[in-house]
file input-v6.pdb (PDB, C-alpha atoms and all ligand atoms)
ATOM      1  CA  MET A   1     129.720 -20.045 124.829
ATOM      2  CA  ASN A   2     131.029 -21.622 128.003
ATOM      3  CA  ASN A   3     131.638 -25.313 128.488
ATOM      4  CA  LYS A   4     128.658 -26.039 130.678
ATOM      5  CA  LEU A   5     126.332 -24.460 128.170
ATOM      6  CA  HIS A   6     127.951 -26.467 125.424
ATOM      7  CA  ASN A   7     127.357 -29.659 127.397
ATOM      8  CA  ILE A   8     123.723 -28.791 127.931
ATOM      9  CA  HIS A   9     123.219 -28.221 124.234
ATOM     10  CA  GLN A  10     124.937 -31.496 123.495
ATOM     11  CA  ILE A  11     122.658 -33.357 125.888
ATOM     12  CA  ILE A  12     119.636 -31.661 124.406
ATOM     13  CA  SER A  13     120.577 -32.660 120.879
ATOM     14  CA  GLU A  14     121.168 -36.234 122.046
ATOM     15  CA  ILE A  15     117.679 -36.257 123.508
ATOM     16  CA  ALA A  16     116.373 -34.738 120.299
ATOM     17  CA  ASN A  17     117.850 -37.634 118.343
ATOM     18  CA  LYS A  18     115.911 -40.125 120.419
ATOM     19  CA  LEU A  19     112.619 -38.320 120.200
ATOM     20  CA  ALA A  20     109.938 -39.002 117.658
ATOM     21  CA  GLU A  21     109.471 -36.476 114.896
ATOM     22  CA  GLY A  22     106.279 -35.191 116.481
ATOM     23  CA  ASP A  23     108.013 -34.410 119.757
ATOM     24  CA  GLN A  24     110.877 -32.400 118.317
ATOM     25  CA  HIS A  25     109.068 -29.154 118.987
ATOM     26  CA  LEU A  26     109.445 -29.799 122.705
ATOM     27  CA  ILE A  27     113.185 -29.846 122.396
ATOM     28  CA  ILE A  28     113.167 -26.792 120.204
ATOM     29  CA  SER A  29     111.140 -24.866 122.785
ATOM     30  CA  LEU A  30     113.395 -26.083 125.540
ATOM     31  CA  GLN A  31     116.438 -24.918 123.650
ATOM     32  CA  ARG A  32     114.849 -21.558 122.941
ATOM     33  CA  GLU A  33     113.887 -21.058 126.576
ATOM     34  CA  LEU A  34     117.360 -22.009 127.632
ATOM     35  CA  ASP A  35     118.929 -19.530 125.248
ATOM     36  CA  ASN A  36     116.618 -16.793 126.448
ATOM     37  CA  LEU A  37     117.460 -17.553 130.013
ATOM     38  CA  LEU A  38     121.186 -17.522 129.458
ATOM     39  CA  LEU A  39     121.437 -14.654 127.020
ATOM     40  CA  HIS A  40     119.002 -12.305 128.647
ATOM     41  CA  SER A  41     119.362 -13.235 132.262
ATOM     42  CA  PRO A  42     119.309  -9.970 134.151
ATOM     43  CA  GLU A  43     122.414  -9.124 136.016
ATOM     44  CA  ASP A  44     122.646 -10.957 139.262
ATOM     45  CA  ASP A  45     120.391  -9.280 141.784
ATOM     46  CA  THR A  46     123.270  -8.662 144.142
ATOM     47  CA  GLY A  47     125.426  -7.255 141.335
ATOM     48  CA  PRO A  48     127.416  -4.092 141.960
ATOM     49  CA  SER A  49     125.272  -1.956 139.627
ATOM     50  CA  THR A  50     121.891  -2.798 141.165
ATOM     51  CA  PRO A  51     120.886  -0.474 143.992
ATOM     52  CA  HIS A  52     119.318  -1.915 147.098
ATOM     53  CA  PRO A  53     117.420   0.508 149.292
ATOM     54  CA  ASP A  54     118.709   0.127 152.799
ATOM     55  CA  LYS A  55     115.888   0.742 155.259
ATOM     56  CA  ALA A  56     118.154   1.258 158.215
ATOM     57  CA  SER A  57     119.901   4.232 156.613
ATOM     58  CA  GLY A  58     117.570   5.453 153.850
ATOM     59  CA  CYS A  59     120.483   5.100 151.443
ATOM     60  CA  TYR A  60     121.230   2.773 148.567
ATOM     61  CA  LYS A  61     123.642  -0.071 148.883
ATOM     62  CA  PHE A  62     125.314  -1.869 146.011
ATOM     63  CA  GLY A  63     126.337  -5.499 146.116
ATOM     64  CA  ASP A  64     128.743  -6.099 148.969
ATOM     65  CA  ASP A  65     130.032  -2.534 148.832
ATOM     66  CA  PRO A  66     130.019  -1.359 152.469
ATOM     67  CA  ASP A  67     129.386   2.277 151.498
ATOM     68  CA  TYR A  68     125.999   4.003 151.677
ATOM     69  CA  TYR A  69     125.011   5.931 148.572
ATOM     70  CA  CYS A  70     122.642   8.826 148.009
ATOM     71  CA  PRO A  71     119.414   7.543 146.388
ATOM     72  CA  HIS A  72     118.559  10.988 144.977
ATOM     73  CA  CYS A  73     121.823  11.372 143.130
ATOM     74  CA  PHE A  74     121.612   7.836 141.841
ATOM     75  CA  ASP A  75     117.995   8.103 140.687
ATOM     76  CA  ASN A  76     118.273  11.572 139.205
ATOM     77  CA  LEU A  77     121.863  11.798 138.029
ATOM     78  CA  GLN A  78     122.939   8.151 137.823
ATOM     79  CA  GLN A  79     125.790   9.042 140.108
ATOM     80  CA  LYS A  80     127.009   6.979 142.992
ATOM     81  CA  ILE A  81     127.691   9.487 145.736
ATOM     82  CA  SER A  82     128.855   8.075 148.998
ATOM     83  CA  THR A  83     126.965   9.669 151.908
ATOM     84  CA  GLN A  84     128.551  10.931 155.097
ATOM     85  CA  ARG A  85     127.382   9.972 158.506
ATOM     86  CA  LEU A  86     126.263  12.838 160.737
ATOM     87  CA  ASN A  87     125.017  10.867 163.678
ATOM     88  CA  ARG A  88     123.307   7.606 164.522
ATOM     89  CA  GLN A  89     120.109   8.559 162.689
ATOM     90  CA  LEU A  90     121.244  10.897 159.996
ATOM     91  CA  ARG A  91     123.470  10.779 156.943
ATOM     92  CA  VAL A  92     124.028  13.555 154.438
ATOM     93  CA  CYS A  93     124.884  13.579 150.748
ATOM     94  CA  PRO A  94     127.853  15.884 150.018
ATOM     95  CA  GLN A  95     126.589  16.409 146.461
ATOM     96  CA  CYS A  96     122.891  17.302 146.743
ATOM     97  CA  ARG A  97     122.873  18.031 150.484
ATOM     98  CA  SER A  98     119.986  15.679 151.086
ATOM     99  CA  SER A  99     119.743  14.384 154.574
ATOM    100  CA  LEU A 100     119.031  10.719 154.668
ATOM    101  CA  ARG A 101     117.278   9.087 157.538
ATOM    102  CA  PRO A 102     116.019   5.578 158.179
ATOM    103  CA  LEU A 103     112.898   4.615 156.239
ATOM    104  CA  GLN A 104     109.759   3.868 158.187
TER     105      GLN A 104
HETATM  106 ZN    ZN A 201     122.715  13.221 146.681
END
call {"tool": "encode", "arguments": {"input": "input-v6.pdb", "output": "structure tokens", "more": "lines below"}}
Ligand SMILES: [Zn+2]
result
Amino acid sequence: MNNKLHNIHQIISEIANKLAEGDQHLIISLQRELDNLLLHSPEDDTGPSTPHPDKASGCYKFGDDPDYYCPHCFDNLQQKISTQRLNRQLRVCPQCRSSLRPLQ
């Protein structure tokens, strides 16, 4: 557990001490929600393992990785295959030979 989280829990239990018996459930729900949020928070949306379809190329991009990856290989084989640029409009995947063009 990191320090910030520890502080939050400390604050919450201080609040809990000041609350009437009948209001304790509020704190318990708050604590539960907080735990859910922190334990199960999905990986950051811009994380390196989350693909982002790139409309301009028709490829997938990952996080701040500058490479363009083949969406077919990633979806079907869970492989990150870096595509090669053929020309301004077209890229090709060296693995599955898909040609990738900008999405409409
Ligand atoms: Zn491919």
call {"tool": "residues_near_ligand", "arguments": {"input": "input-v6.pdb", "ligand": "ligand ZN 201 (chain A)", "cutoff": "9 Å", "atoms": "only C-alpha atoms and all ligand atoms", "output": "PyMOL selection string"}}
result
chain A and resi 69-74+76-77+79-83+92-99
call {"tool": "atom_distance", "arguments": {"input": "input-v6.pdb", "atom1": "atom CA of A:Leu38", "atom2": "atom CA of A:Leu26"}}
result
18.3 Å
call {"tool": "atom_distance", "arguments": {"input": "input-v6.pdb", "atom1": "atom CA of A:Ile8", "atom2": "atom CA of A:Ser49"}}
result
29.3 Å
call {"tool": "closest_residue", "arguments": {"input": "input-v6.pdb", "among": "A:Asn7, A:Ser13, A:Ser57, A:Thr50", "to": "A:Arg88", "atoms": "all atoms listed in the file"}}
result
A:Ser57
call {"tool": "residues_around", "arguments": {"input": "input-v6.pdb", "residues": "A:Leu103", "least_positions_apart": "4", "cutoff": "7 Å", "atoms": "all atoms listed in the file", "output": "list in words"}}
result
Lys55, Ala56 and Gly58 of chain A
call {"tool": "closest_residue", "arguments": {"input": "input-v6.pdb", "among": "A:Gln31, A:Ile11, A:Pro48, A:Glu21", "to": "A:Tyr60", "atoms": "all atoms listed in the file"}}
result
A:Pro48
call {"tool": "atom_distance", "arguments": {"input": "input-v6.pdb", "atom1": "atom CA of A:Lys4", "atom2": "atom CA of A:Ala20"}}
result
26.2 Å
call {"tool": "closest_residue", "arguments": {"input": "input-v6.pdb", "among": "A:Ser29, A:Asn36, A:Gln24, A:Gln78", "to": "A:Pro51", "atoms": "all atoms listed in the file"}}
result
A:Gln78
call {"tool": "closest_residue", "arguments": {"input": "input-v6.pdb", "among": "A:Leu5, A:Gly63, A:Leu90, A:Ile15", "to": "A:Leu39", "atoms": "only C-alpha atoms"}}
result
A:Leu5
